[in-house]
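entry.csv follows (CSV, C-alpha atoms):
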chain,number,residue,atom,x,y,z
A,1,MET,CA,113.1,-75.3,-86.5
A,2,THR,CA,111.0,-73.0,-84.3
A,3,VAL,CA,112.6,-72.1,-80.9
A,4,ALA,CA,109.9,-72.0,-78.3
A,5,ALA,CA,110.2,-69.7,-75.3
A,6,VAL,CA,110.9,-71.3,-71.9
A,7,PRO,CA,108.2,-70.6,-69.3
A,8,PRO,CA,109.1,-67.9,-66.7
A,9,GLN,CA,110.2,-69.0,-63.3
A,10,ASN,CA,106.9,-67.7,-61.8
A,11,GLU,CA,104.8,-69.6,-64.3
A,12,THR,CA,102.4,-71.1,-61.7
A,13,GLU,CA,101.7,-67.8,-60.0
A,14,ARG,CA,101.5,-66.1,-63.4
A,15,LEU,CA,98.9,-68.5,-64.7
A,16,ALA,CA,96.9,-68.3,-61.5
A,17,ARG,CA,96.8,-64.5,-61.7
A,18,LEU,CA,95.8,-64.6,-65.4
A,19,ARG,CA,92.9,-67.0,-64.6
A,20,ALA,CA,91.8,-64.7,-61.7
A,21,TYR,CA,91.2,-61.9,-64.2
A,22,GLU,CA,88.5,-64.1,-65.8
A,23,VAL,CA,89.2,-62.7,-69.3
A,24,LEU,CA,90.3,-65.7,-71.3
A,25,ASP,CA,87.8,-66.7,-74.0
A,26,THR,CA,85.5,-63.7,-73.4
A,27,ASN,CA,83.8,-61.7,-76.1
A,28,PRO,CA,85.5,-58.7,-77.8
A,29,GLU,CA,85.3,-55.4,-75.8
A,30,GLU,CA,85.4,-51.9,-77.2
A,31,ALA,CA,87.9,-50.7,-74.6
A,32,PHE,CA,90.6,-53.2,-75.7
A,33,ASP,CA,89.7,-52.7,-79.4
A,34,ARG,CA,90.2,-49.0,-79.0
A,35,VAL,CA,93.8,-49.6,-77.8
A,36,THR,CA,94.7,-51.9,-80.7
A,37,ARG,CA,93.2,-49.5,-83.2
A,38,VAL,CA,95.3,-46.6,-81.9
A,39,ALA,CA,98.4,-48.9,-81.8
A,40,ALA,CA,97.9,-49.9,-85.5
A,41,HIS,CA,97.3,-46.3,-86.5
A,42,LEU,CA,100.4,-44.9,-84.6
A,43,PHE,CA,102.7,-47.6,-86.0
A,44,GLU,CA,101.1,-47.8,-89.4
A,45,THR,CA,101.1,-51.6,-89.1
A,46,PRO,CA,98.5,-54.0,-90.5
A,47,ILE,CA,98.2,-56.0,-87.3
A,48,ALA,CA,97.9,-55.0,-83.6
A,49,LEU,CA,97.0,-57.4,-80.9
A,50,VAL,CA,96.2,-57.7,-77.2
A,51,SER,CA,97.6,-61.1,-76.6
A,52,LEU,CA,97.4,-63.3,-73.4
A,53,ILE,CA,99.5,-66.4,-72.8
A,54,ASP,CA,98.0,-69.3,-71.0
A,55,GLU,CA,99.4,-72.9,-70.6
A,56,ASN,CA,99.3,-73.9,-74.2
A,57,ARG,CA,98.4,-70.9,-76.4
A,58,GLN,CA,98.4,-67.2,-77.0
A,59,TRP,CA,94.8,-66.0,-77.1
A,60,PHE,CA,93.8,-62.6,-78.6
A,61,LYS,CA,91.5,-60.4,-76.5
A,62,SER,CA,91.7,-57.8,-79.2
A,63,LYS,CA,92.9,-58.0,-82.7
A,64,GLN,CA,93.2,-55.7,-85.7
A,65,GLY,CA,94.1,-57.2,-89.1
A,66,LEU,CA,94.1,-60.9,-88.0
A,67,ASP,CA,91.3,-63.5,-88.3
A,68,ALA,CA,92.8,-66.1,-85.9
A,69,GLU,CA,91.4,-66.3,-82.4
A,70,GLU,CA,94.6,-67.9,-81.0
A,71,THR,CA,97.8,-69.7,-81.9
A,72,PRO,CA,99.9,-72.4,-80.2
A,73,ARG,CA,102.2,-71.0,-77.4
A,74,GLU,CA,105.3,-72.7,-78.9
A,75,VAL,CA,105.1,-70.4,-82.0
A,76,ALA,CA,104.0,-67.3,-80.2
A,77,PHE,CA,106.4,-64.3,-80.3
A,78,CYS,CA,104.4,-63.0,-77.3
A,79,ALA,CA,105.7,-66.0,-75.2
A,80,HIS,CA,109.1,-64.5,-75.6
A,81,ALA,CA,108.0,-61.0,-75.0
A,82,ILE,CA,106.5,-61.7,-71.5
A,83,LEU,CA,110.0,-62.7,-70.4
A,84,GLN,CA,111.4,-59.2,-71.1
A,85,ASP,CA,111.4,-56.2,-68.8
A,86,ASP,CA,110.8,-53.9,-71.7
A,87,ILE,CA,109.5,-54.0,-75.3
A,88,PHE,CA,110.6,-57.1,-77.2
A,89,VAL,CA,111.5,-56.1,-80.8
A,90,ILE,CA,112.2,-58.2,-83.8
A,91,SER,CA,113.2,-56.0,-86.7
A,92,ASP,CA,113.3,-58.8,-89.3
A,93,ALA,CA,112.1,-62.3,-88.3
A,94,THR,CA,113.6,-63.9,-91.3
A,95,GLN,CA,117.1,-62.9,-90.1
A,96,ASP,CA,116.5,-64.2,-86.5
A,97,ASP,CA,117.4,-67.8,-85.8
A,98,ARG,CA,114.6,-68.1,-83.2
A,99,PHE,CA,111.9,-67.2,-85.7
A,100,LYS,CA,113.1,-67.6,-89.3
A,101,ASN,CA,111.5,-71.1,-89.5
A,102,ASN,CA,108.4,-70.2,-87.4
A,103,PRO,CA,105.2,-71.0,-89.4
A,104,LEU,CA,103.9,-67.5,-88.6
A,105,VAL,CA,106.9,-66.2,-90.5
A,106,THR,CA,107.1,-68.8,-93.3
A,107,GLY,CA,103.3,-68.7,-93.8
A,108,GLY,CA,100.5,-66.4,-92.9
A,109,PRO,CA,100.5,-63.8,-91.6
A,110,GLU,CA,104.1,-63.6,-92.8
A,111,ILE,CA,105.5,-61.7,-89.8
A,112,ARG,CA,108.6,-59.7,-90.4
A,113,PHE,CA,108.5,-57.0,-87.8
A,114,TYR,CA,107.3,-57.6,-84.3
A,115,ALA,CA,107.2,-55.3,-81.2
A,116,GLY,CA,105.5,-56.4,-78.1
A,117,ALA,CA,105.2,-54.5,-74.8
A,118,PRO,CA,104.5,-56.8,-71.8
A,119,LEU,CA,101.3,-56.5,-69.9
A,120,ARG,CA,102.5,-56.7,-66.3
A,121,THR,CA,100.7,-56.7,-63.0
A,122,SER,CA,101.7,-54.3,-60.3
A,123,ASP,CA,103.9,-57.1,-58.8
A,124,GLY,CA,105.6,-57.8,-62.2
A,125,LEU,CA,103.8,-60.9,-63.5
A,126,GLY,CA,103.7,-60.9,-67.3
A,127,LEU,CA,100.2,-61.8,-68.5
A,128,GLY,CA,100.6,-61.1,-72.2
A,129,THR,CA,101.5,-58.2,-74.5
A,130,LEU,CA,100.2,-55.4,-76.6
A,131,CYS,CA,102.0,-56.0,-79.9
A,132,VAL,CA,102.2,-54.5,-83.4
A,133,ILE,CA,103.2,-56.6,-86.4
A,134,ASP,CA,104.2,-55.8,-89.9
A,135,THR,CA,104.8,-57.9,-93.1
A,136,LYS,CA,107.9,-56.0,-93.9
A,137,PRO,CA,111.1,-55.4,-91.8
A,138,ARG,CA,111.4,-52.1,-89.9
A,139,ASN,CA,113.2,-50.4,-87.0
A,140,PRO,CA,111.0,-48.5,-84.6
A,141,THR,CA,111.9,-45.1,-83.5
A,142,PRO,CA,112.3,-44.2,-79.8
A,143,ASN,CA,109.1,-42.2,-79.9
A,144,GLU,CA,107.2,-45.1,-81.4
A,145,LEU,CA,108.5,-47.4,-78.6
A,146,GLU,CA,107.5,-44.9,-76.0
A,147,ASN,CA,104.0,-44.7,-77.5
A,148,LEU,CA,103.8,-48.5,-77.3
A,149,ARG,CA,104.8,-48.5,-73.7
A,150,ASP,CA,102.1,-46.0,-72.9
A,151,LEU,CA,99.5,-48.0,-74.8
A,152,ALA,CA,100.5,-51.2,-73.0
A,153,LYS,CA,100.0,-49.5,-69.7
A,154,LEU,CA,96.6,-48.3,-70.9
A,155,ALA,CA,95.7,-51.8,-71.9
A,156,MET,CA,96.7,-53.1,-68.5
A,157,ASP,CA,94.7,-50.3,-66.8
A,158,VAL,CA,91.6,-51.4,-68.9
A,159,LEU,CA,92.2,-55.0,-67.7
A,160,ASN,CA,92.5,-54.0,-64.1
A,161,LEU,CA,89.4,-51.8,-64.3
A,162,ARG,CA,87.5,-54.7,-66.0
A,163,HIS,CA,88.5,-57.0,-63.2
A,164,ALA,CA,87.6,-54.5,-60.5
A,165,GLY,CA,84.2,-53.9,-62.1
A,166,HIS,CA,83.5,-57.6,-62.2
A,167,ARG,CA,84.4,-58.1,-58.6
A,168,ALA,CA,82.3,-55.1,-57.6
A,169,MET,CA,79.4,-56.6,-59.5
A,170,GLU,CA,79.8,-60.0,-57.8
A,171,GLU,CA,80.0,-58.3,-54.4
A,172,ALA,CA,76.9,-56.3,-55.2
A,173,GLN,CA,75.0,-59.4,-56.2
A,174,GLN,CA,76.2,-61.2,-53.1
A,175,THR,CA,75.1,-58.2,-51.0
A,176,ALA,CA,71.7,-58.2,-52.6
A,177,LYS,CA,71.4,-61.9,-51.7
A,178,LEU,CA,72.4,-61.2,-48.2
A,179,ASP,CA,70.0,-58.3,-48.0
A,180,THR,CA,67.2,-60.6,-49.1
A,181,LEU,CA,68.2,-63.1,-46.5
A,182,GLN,CA,68.6,-60.4,-43.8
A,183,ASN,CA,65.1,-59.0,-44.7
A,184,SER,CA,63.6,-62.5,-44.4
A,185,PHE,CA,65.4,-63.0,-41.1
A,186,ILE,CA,64.2,-59.7,-39.8
A,187,ASP,CA,60.6,-60.5,-40.8
A,188,SER,CA,60.9,-63.8,-39.0
A,189,VAL,CA,62.3,-62.1,-35.9
A,190,ASN,CA,59.6,-59.6,-35.9
A,191,HIS,CA,56.6,-62.0,-36.5
A,192,GLU,CA,57.8,-65.3,-35.2
A,193,LEU,CA,59.8,-64.3,-32.1
A,194,ARG,CA,58.8,-60.9,-30.8
A,195,THR,CA,55.0,-61.5,-30.7
A,196,PRO,CA,55.1,-64.9,-28.9
A,197,LEU,CA,57.9,-63.5,-26.5
A,198,THR,CA,55.6,-60.6,-25.6
A,199,SER,CA,52.8,-63.0,-24.8
A,200,LEU,CA,55.1,-65.2,-22.9
A,201,ALA,CA,56.5,-62.3,-20.9
A,202,GLY,CA,53.0,-61.2,-19.9
A,203,ALA,CA,52.0,-64.8,-18.9
A,204,LEU,CA,55.2,-65.2,-16.8
A,205,GLY,CA,54.5,-61.9,-15.1
A,206,LEU,CA,51.0,-63.0,-14.1
A,207,LEU,CA,52.3,-66.3,-12.8
A,208,ARG,CA,55.1,-64.7,-10.9
A,209,SER,CA,52.9,-62.2,-9.3
A,210,GLY,CA,50.5,-64.9,-7.9
A,211,ALA,CA,47.6,-63.5,-9.8
A,212,VAL,CA,46.8,-66.9,-11.3
A,213,ALA,CA,47.7,-69.1,-8.3
A,214,ASP,CA,49.6,-69.0,-5.1
A,215,LEU,CA,53.2,-70.0,-5.6
A,216,ASP,CA,55.8,-71.2,-3.1
A,217,GLU,CA,59.1,-69.3,-3.0
A,218,GLU,CA,61.1,-71.7,-5.1
A,219,THR,CA,58.5,-71.8,-7.9
A,220,GLN,CA,58.2,-68.0,-7.9
A,221,SER,CA,62.0,-67.8,-8.1
A,222,VAL,CA,61.9,-70.0,-11.2
A,223,PHE,CA,59.3,-67.8,-12.9
A,224,GLU,CA,61.4,-64.7,-12.0
A,225,VAL,CA,64.4,-66.1,-13.8
A,226,ALA,CA,62.3,-67.1,-16.8
A,227,GLU,CA,60.6,-63.7,-17.0
A,228,ARG,CA,64.0,-61.9,-16.7
A,229,ASN,CA,65.5,-64.0,-19.5
A,230,THR,CA,62.4,-63.4,-21.7
A,231,HIS,CA,62.8,-59.6,-21.3
A,232,THR,CA,66.5,-60.0,-22.1
A,233,LEU,CA,65.6,-61.7,-25.4
A,234,MET,CA,63.0,-59.1,-26.1
A,235,LYS,CA,65.6,-56.3,-25.7
A,236,LEU,CA,68.0,-58.2,-28.0
A,237,ILE,CA,65.3,-58.5,-30.6
A,238,ALA,CA,64.5,-54.8,-30.2
A,239,ASP,CA,68.2,-54.0,-30.8
A,240,ILE,CA,68.3,-56.2,-33.9
A,241,LEU,CA,65.2,-54.5,-35.3
A,242,ASP,CA,66.6,-51.0,-34.5
A,243,MET,CA,69.8,-51.8,-36.3
A,244,SER,CA,68.0,-53.2,-39.3
A,245,SER,CA,65.8,-50.1,-39.5
A,246,ILE,CA,68.9,-47.8,-39.3
A,247,GLU,CA,70.8,-49.7,-42.0
A,248,HIS,CA,67.9,-49.7,-44.4
A,249,GLY,CA,67.0,-46.1,-43.8
A,250,ASP,CA,63.6,-46.9,-42.4
A,251,LEU,CA,64.0,-45.1,-39.1
A,252,GLU,CA,62.4,-41.6,-39.1
A,253,LEU,CA,63.7,-38.7,-37.0
A,254,ASN,CA,61.0,-36.7,-35.4
A,255,PHE,CA,62.5,-33.4,-34.2
A,256,GLU,CA,61.2,-31.3,-31.3
A,257,THR,CA,62.7,-29.0,-28.8
A,258,PHE,CA,63.3,-30.6,-25.3
A,259,ASP,CA,65.5,-30.4,-22.3
A,260,LEU,CA,68.4,-32.8,-22.6
A,261,LEU,CA,69.0,-32.8,-18.9
A,262,ASP,CA,65.4,-33.7,-18.1
A,263,LEU,CA,65.5,-36.5,-20.6
A,264,THR,CA,68.8,-37.8,-19.2
A,265,THR,CA,67.4,-37.6,-15.6
A,266,ASN,CA,64.4,-39.7,-16.5
A,267,ILE,CA,66.7,-42.4,-18.1
A,268,VAL,CA,68.9,-42.4,-15.1
A,269,GLU,CA,66.0,-42.9,-12.7
A,270,GLU,CA,64.7,-45.8,-14.8
A,271,ALA,CA,68.2,-47.4,-14.8
A,272,ASN,CA,68.5,-47.0,-11.1
A,273,ALA,CA,65.1,-48.5,-10.5
A,274,ASN,CA,66.3,-51.7,-12.0
A,275,VAL,CA,69.6,-51.9,-10.1
A,276,LYS,CA,69.8,-54.8,-7.7
A,277,ASP,CA,71.3,-54.6,-4.2
A,278,GLY,CA,75.0,-54.1,-4.5
A,279,GLY,CA,74.9,-53.2,-8.1
A,280,SER,CA,76.3,-50.1,-9.8
A,281,ARG,CA,74.2,-47.0,-9.8
A,282,VAL,CA,74.0,-44.0,-12.1
A,283,ALA,CA,74.5,-40.5,-10.9
A,284,ILE,CA,74.1,-37.2,-12.8
A,285,ASP,CA,77.0,-34.8,-12.1
A,286,GLY,CA,75.8,-31.9,-9.9
A,287,ALA,CA,77.4,-29.4,-12.3
A,288,ALA,CA,75.1,-30.5,-15.2
A,289,LEU,CA,72.7,-27.8,-16.4
A,290,SER,CA,69.5,-27.7,-18.3
A,291,GLN,CA,70.2,-27.7,-22.0
A,292,ALA,CA,67.6,-27.1,-24.7
A,293,VAL,CA,68.2,-29.1,-27.9
A,294,TYR,CA,66.2,-29.6,-31.1
A,295,ALA,CA,66.5,-33.3,-31.9
A,296,ASP,CA,64.5,-36.6,-31.7
A,297,PRO,CA,64.1,-37.2,-28.0
A,298,ASN,CA,63.2,-40.9,-28.5
A,299,LEU,CA,66.3,-41.7,-30.5
A,300,ILE,CA,68.6,-39.5,-28.4
A,301,GLY,CA,67.1,-41.3,-25.4
A,302,LYS,CA,67.9,-44.7,-26.9
A,303,ALA,CA,71.5,-43.6,-27.5
A,304,ILE,CA,71.9,-42.4,-23.9
A,305,SER,CA,70.3,-45.5,-22.5
A,306,ALA,CA,72.6,-47.7,-24.6
A,307,LEU,CA,75.6,-45.9,-23.2
A,308,ILE,CA,74.4,-46.2,-19.6
A,309,LYS,CA,73.6,-49.9,-20.0
A,310,ASN,CA,77.1,-50.5,-21.5
A,311,ALA,CA,78.8,-48.6,-18.7
A,312,LEU,CA,76.8,-50.5,-16.0
A,313,ARG,CA,77.6,-53.8,-17.7
A,314,PHE,CA,81.4,-53.2,-17.3
A,315,SER,CA,81.2,-51.5,-13.9
A,316,PRO,CA,82.2,-53.4,-10.7
A,317,ASN,CA,79.6,-53.8,-8.0
A,318,ASP,CA,79.0,-50.9,-5.6
A,319,SER,CA,80.7,-48.4,-8.1
A,320,SER,CA,78.9,-45.6,-9.9
A,321,VAL,CA,78.4,-44.5,-13.4
A,322,SER,CA,78.4,-40.7,-13.7
A,323,ILE,CA,76.6,-38.6,-16.4
A,324,HIS,CA,77.6,-35.0,-17.2
A,325,VAL,CA,75.5,-32.8,-19.5
A,326,SER,CA,77.1,-29.5,-20.8
A,327,ALA,CA,77.0,-27.3,-23.8
A,328,SER,CA,79.0,-25.0,-26.1
A,329,ILE,CA,77.5,-22.2,-28.1
A,330,GLU,CA,76.4,-24.5,-30.9
A,331,SER,CA,76.2,-28.0,-29.4
A,332,VAL,CA,75.3,-30.0,-26.4
A,333,ILE,CA,77.6,-32.6,-24.9
A,334,VAL,CA,76.9,-35.8,-22.8
A,335,GLU,CA,79.6,-37.7,-21.0
A,336,VAL,CA,79.1,-41.2,-19.6
A,337,ALA,CA,81.9,-42.3,-17.3
A,338,ASP,CA,82.4,-45.7,-15.5
A,339,LEU,CA,85.1,-47.2,-13.3
A,340,GLY,CA,85.2,-50.5,-15.2
A,341,ILE,CA,87.9,-52.4,-17.0
A,342,GLY,CA,88.6,-49.7,-19.5
A,343,ILE,CA,89.0,-50.0,-23.3
A,344,PRO,CA,92.5,-50.4,-24.9
A,345,LEU,CA,93.4,-47.7,-27.3
A,346,GLN,CA,93.4,-50.1,-30.3
A,347,ASP,CA,89.8,-51.2,-29.5
A,348,ARG,CA,88.3,-47.7,-29.1
A,349,SER,CA,87.0,-47.6,-32.7
A,350,ARG,CA,86.2,-51.3,-33.0
A,351,VAL,CA,83.7,-51.2,-30.1
A,352,PHE,CA,81.3,-49.2,-32.3
A,353,LYS,CA,81.1,-52.1,-34.9
A,354,LYS,CA,78.2,-54.4,-34.9
A,355,PHE,CA,78.4,-57.4,-32.6
A,356,PHE,CA,81.9,-56.5,-31.4
A,357,LYS,CA,82.4,-57.6,-27.8
A,358,LEU,CA,85.3,-56.4,-25.7
A,359,ASP,CA,84.9,-59.4,-23.4
A,360,ASP,CA,84.5,-62.8,-25.1
A,361,SER,CA,84.6,-64.8,-21.9
A,362,GLY,CA,80.8,-64.9,-21.6
A,363,ASN,CA,81.0,-63.3,-18.2
A,364,ILE,CA,79.6,-60.0,-19.5
A,365,SER,CA,76.2,-60.1,-21.1
A,366,GLY,CA,75.2,-58.2,-24.3
A,367,ALA,CA,75.2,-58.9,-28.0
A,368,GLY,CA,77.5,-56.0,-29.0
A,369,LEU,CA,74.9,-53.8,-30.6
A,370,GLY,CA,74.4,-51.1,-28.0
A,371,LEU,CA,77.4,-48.9,-28.9
A,372,SER,CA,76.9,-49.4,-32.6
A,373,ILE,CA,73.3,-48.3,-32.4
A,374,ALA,CA,74.2,-45.3,-30.2
A,375,LYS,CA,76.9,-44.2,-32.7
A,376,ARG,CA,74.6,-44.3,-35.7
A,377,LEU,CA,71.8,-42.4,-33.9
A,378,ILE,CA,74.2,-39.7,-32.8
A,379,GLU,CA,75.7,-39.4,-36.3
A,380,ALA,CA,72.2,-39.2,-37.8
A,381,HIS,CA,71.8,-36.0,-35.8
A,382,GLY,CA,75.0,-34.6,-37.2
A,383,GLY,CA,76.9,-35.4,-34.1
A,384,GLU,CA,80.1,-37.3,-33.1
A,385,ILE,CA,80.9,-39.9,-30.5
A,386,GLY,CA,84.2,-41.0,-29.1
A,387,ILE,CA,85.9,-42.8,-26.2
A,388,GLN,CA,88.5,-41.6,-23.7
A,389,ALA,CA,90.2,-43.2,-20.7
A,390,ASN,CA,88.6,-42.2,-17.4
A,391,SER,CA,90.6,-41.3,-14.4
A,392,PRO,CA,91.7,-43.1,-12.3
A,393,ARG,CA,90.3,-46.1,-14.2
A,394,GLY,CA,87.5,-47.0,-16.6
A,395,THR,CA,86.0,-45.4,-19.7
A,396,ARG,CA,84.5,-42.1,-20.6
A,397,VAL,CA,82.2,-42.1,-23.7
A,398,ILE,CA,81.4,-38.6,-25.0
A,399,PHE,CA,79.0,-37.6,-27.6
A,400,GLU,CA,78.2,-34.1,-29.0
A,401,ILE,CA,75.2,-33.1,-31.2
A,402,PRO,CA,74.3,-29.7,-32.6
A,403,ARG,CA,71.7,-27.7,-30.7
A,404,THR,CA,69.6,-27.6,-33.9
A,405,LEU,CA,69.8,-29.4,-37.2
A,406,ILE,CA,67.0,-27.3,-38.9
A,407,THR,CA,65.0,-24.3,-37.9
A,408,GLN,CA,61.6,-24.4,-36.2
A,409,ASP,CA,60.0,-23.0,-39.3
A,410,GLN,CA,61.3,-25.9,-41.3
A,411,GLN,CA,60.0,-28.6,-39.0
A,412,SER,CA,56.6,-29.2,-40.6
A,413,ALA,CA,58.2,-29.5,-44.1
A,414,HIS,CA,61.2,-31.6,-43.2
A,415,GLN,CA,61.2,-35.2,-42.2
A,416,PRO,CA,64.8,-36.3,-41.7
A,417,ARG,CA,65.5,-40.0,-42.2
A,418,LEU,CA,68.4,-42.2,-41.3
Reformat the file's structure so that it appears as structure tokens.
Amino acid sequence: MTVAAVPPQNETERLARLRAYEVLDTNPEEAFDRVTRVAAHLFETPIALVSLIDENRQWFKSKQGLDAEETPREVAFCAHAILQDDIFVISDATQDDRFKNNPLVTGGPEIRFYAGAPLRTSDGLGLGTLCVIDTKPRNPTPNELENLRDLAKLAMDVLNLRHAGHRAMEEAQQTAKLDTLQNSFIDSVNHELRTPLTSLAGALGLLRSGAVADLDEETQSVFEVAERNTHTLMKLIADILDMSSIEHGDLELNFETFDLLDLTTNIVEEANANVKDGGSRVAIDGAALSQAVYADPNLIGKAISALIKNALRFSPNDSSVSIHVSASIESVIVEVADLGIGIPLQDRSRVFKKFFKLDDSGNISGAGLGLSIAKRLIEAHGGEIGIQANSPRGTRVIFEIPRTLITQDQQSAHQPRL
């Protein structure tokens, strides 16, 4: 009578993990066959197997010296081996009451000696074994058992690498699909939304101005709200397209030498021109000095503008946002400080992620792209950006970029890209 092994206590979890590896009933693979060849050679046995135990069978992922693809679980030596913490050794199966009537002993392949090292996951689940089998009794040496342990660990490493590789491939395929969908979406945004919104904004501007017809105050107010919302949508679309260009490496950097303080002053003047009565205003620190920098003025301007808009968005009415421009020997530094709600320490890295919004109440506008775009533009220039608490309250965003990324002589031959 054959004595079948009892299932381990963690059988449900063990089987789920085995299925997650997606290895059962797959074709032979050289990496596993190499392990069993080495095991058979080192032990000088006619049979070596990588055996996996599912609900009803032991299935051989790799086999040397055996034609069968699988055997029933109730006769499997391996089903006993996965219950052990270390190598399961049967020196002579004909002398062991559990196996002497086993059909794998009384008939082919006429097992006498068996040694199986469990294939265990990092949390101790036994999936199967690396085993060596002989048709004559024998007692393995300590050195042979140590070699079997090492080879079993190698087989498990191969299994884990295989699993990781398959997951990476699936993720890459999913990413490719998402990229295709994203590109399609971006094309739709660009052609189906931006163009008609631009036309709509122009038409609303004409109507609001009275160029088409005289409007009463109430109607003009309606057109003003519509025009403002249209421009908000256009800015959001511009941000989405900028982010897409950055992520796909399609945004070119056109370097030139310019005065960073002059650029910042122009951006501040434009921001203040759009401030309504009682709103926050932007001021450049009087200690700021002219600073020559070799960079892309358009993209650095976008970054500064995004930081200013973000600071204004979180600033209380009648407060001010301050800008300070300074320099070290090798770099220029811009600080944008507000007196707003501040950013908790745990959120200071998260605010640079796409679509992250510090305030989800809906009371503060914005899609959560401004800081993410600014960070990527700064880093594309070889710079860094970070957040500090402002005193007595609020937030201070500081970025630093090198004065030069490349020499003037290289400018004509070099077209940096994000």
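CA of Gly202 in chain A is positioned 25.8 Å from CA of Arg313 in chain A.
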For range 282-284 of chain A, work out the shell of residues within 8 Å, counting only C-alpha atoms and skipping chain neighbours fewer than 3 positions away, then give it as a PyMOL selection string.
chain A and resi 265+268+271-272+288+308+320-324
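What separates CA of Ile82 in chain A from CA of Gly128 in chain A is a distance of 6.0 Å.
Using all atoms listed in the file for every distance, the candidate list A:Leu161, A:Val6, A:Ala238, A:Ala152 yields A:Leu161 as the residue closest to Tyr21 in chain A.
The smallest atom-to-atom distance between Lys61 in chain A and any of A:Ala303, A:Leu371, A:Ala155, A:Val105, using all atoms listed in the file, is found for A:Ala155.
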Just want the 8 Å neighbourhood of Ile47 in chain A, counted on only C-alpha atoms, with same-chain residues fewer than 2 positions away dropped. Output as a PyMOL selection string.
chain A and resi 40+45+49+63-66+132-134
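CA of Ala226 in chain A to CA of Leu312 in chain A spans 22.1 Å [interatomic distance, one decimal].
Each of A:Asp86, A:Glu270, A:Asp123, A:Glu70 was checked against Leu145 in chain A using all atoms listed in the file; the smallest atom-to-atom distance is that of A:Asp86.
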So, counting only C-alpha atoms, which residue among A:Ala273, A:Ile398, A:Gly340, A:Arg403 is closest to Tyr294 in chain A?
A:Arg403
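With only C-alpha atoms as the atoms that count, the residue of A:Asp318, A:Asp54, A:Asp85, A:Glu256 with the shortest distance to Leu339 in chain A is A:Asp318.
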Give me the residues near Val158 in chain A as JSON, numbers by chain, where near means some atom within 9 Å (using all atoms listed in the file) and where sequence neighbours in that chain fewer than 5 positions away do not count.
{"A": [31, 32, 153, 163]}
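A distance cut-off of 6 Å around (67.0, -30.0, -19.1), counting only C-alpha atoms, selects these protein and nucleic acid residues: A:Asp259, A:Leu260, A:Leu261, A:Asp262, A:Ser290, A:Gln291.
The nearest approach to Ile53 in chain A among the residues A:Arg73, A:Arg37, A:Arg393, A:His166, with all atoms listed in the file taken into account, belongs to A:Arg73.
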For the point (96.3, -72.1, -71.3) in file coordinates, what residues are within 12 Å, counting all atoms listed in the file? Give the answer as a PyMOL selection string?
chain A and resi 11-12+14-16+18-19+23-25+52-59+70-74+79+127-128
Write out as number ranges by chain each polymer residue whose atoms come within 10 Å of Arg98 in chain A, counting all atoms listed in the file; drop sequence neighbours fewer than 2 positions from it.
A: 1-5, 75, 77, 93-96, 100-102
Could you pull the residues within 6 Å of range 108-115 of chain A, counting all atoms listed in the file, minus those fewer than 4 positions along the same chain, as a list in words?
Phe88, Val89, Ile90, Ser91, Asp92, Ala93, Leu104, Cys131, Val132, Ile133, Asp134, Thr135, Lys136 and Pro137 of chain A
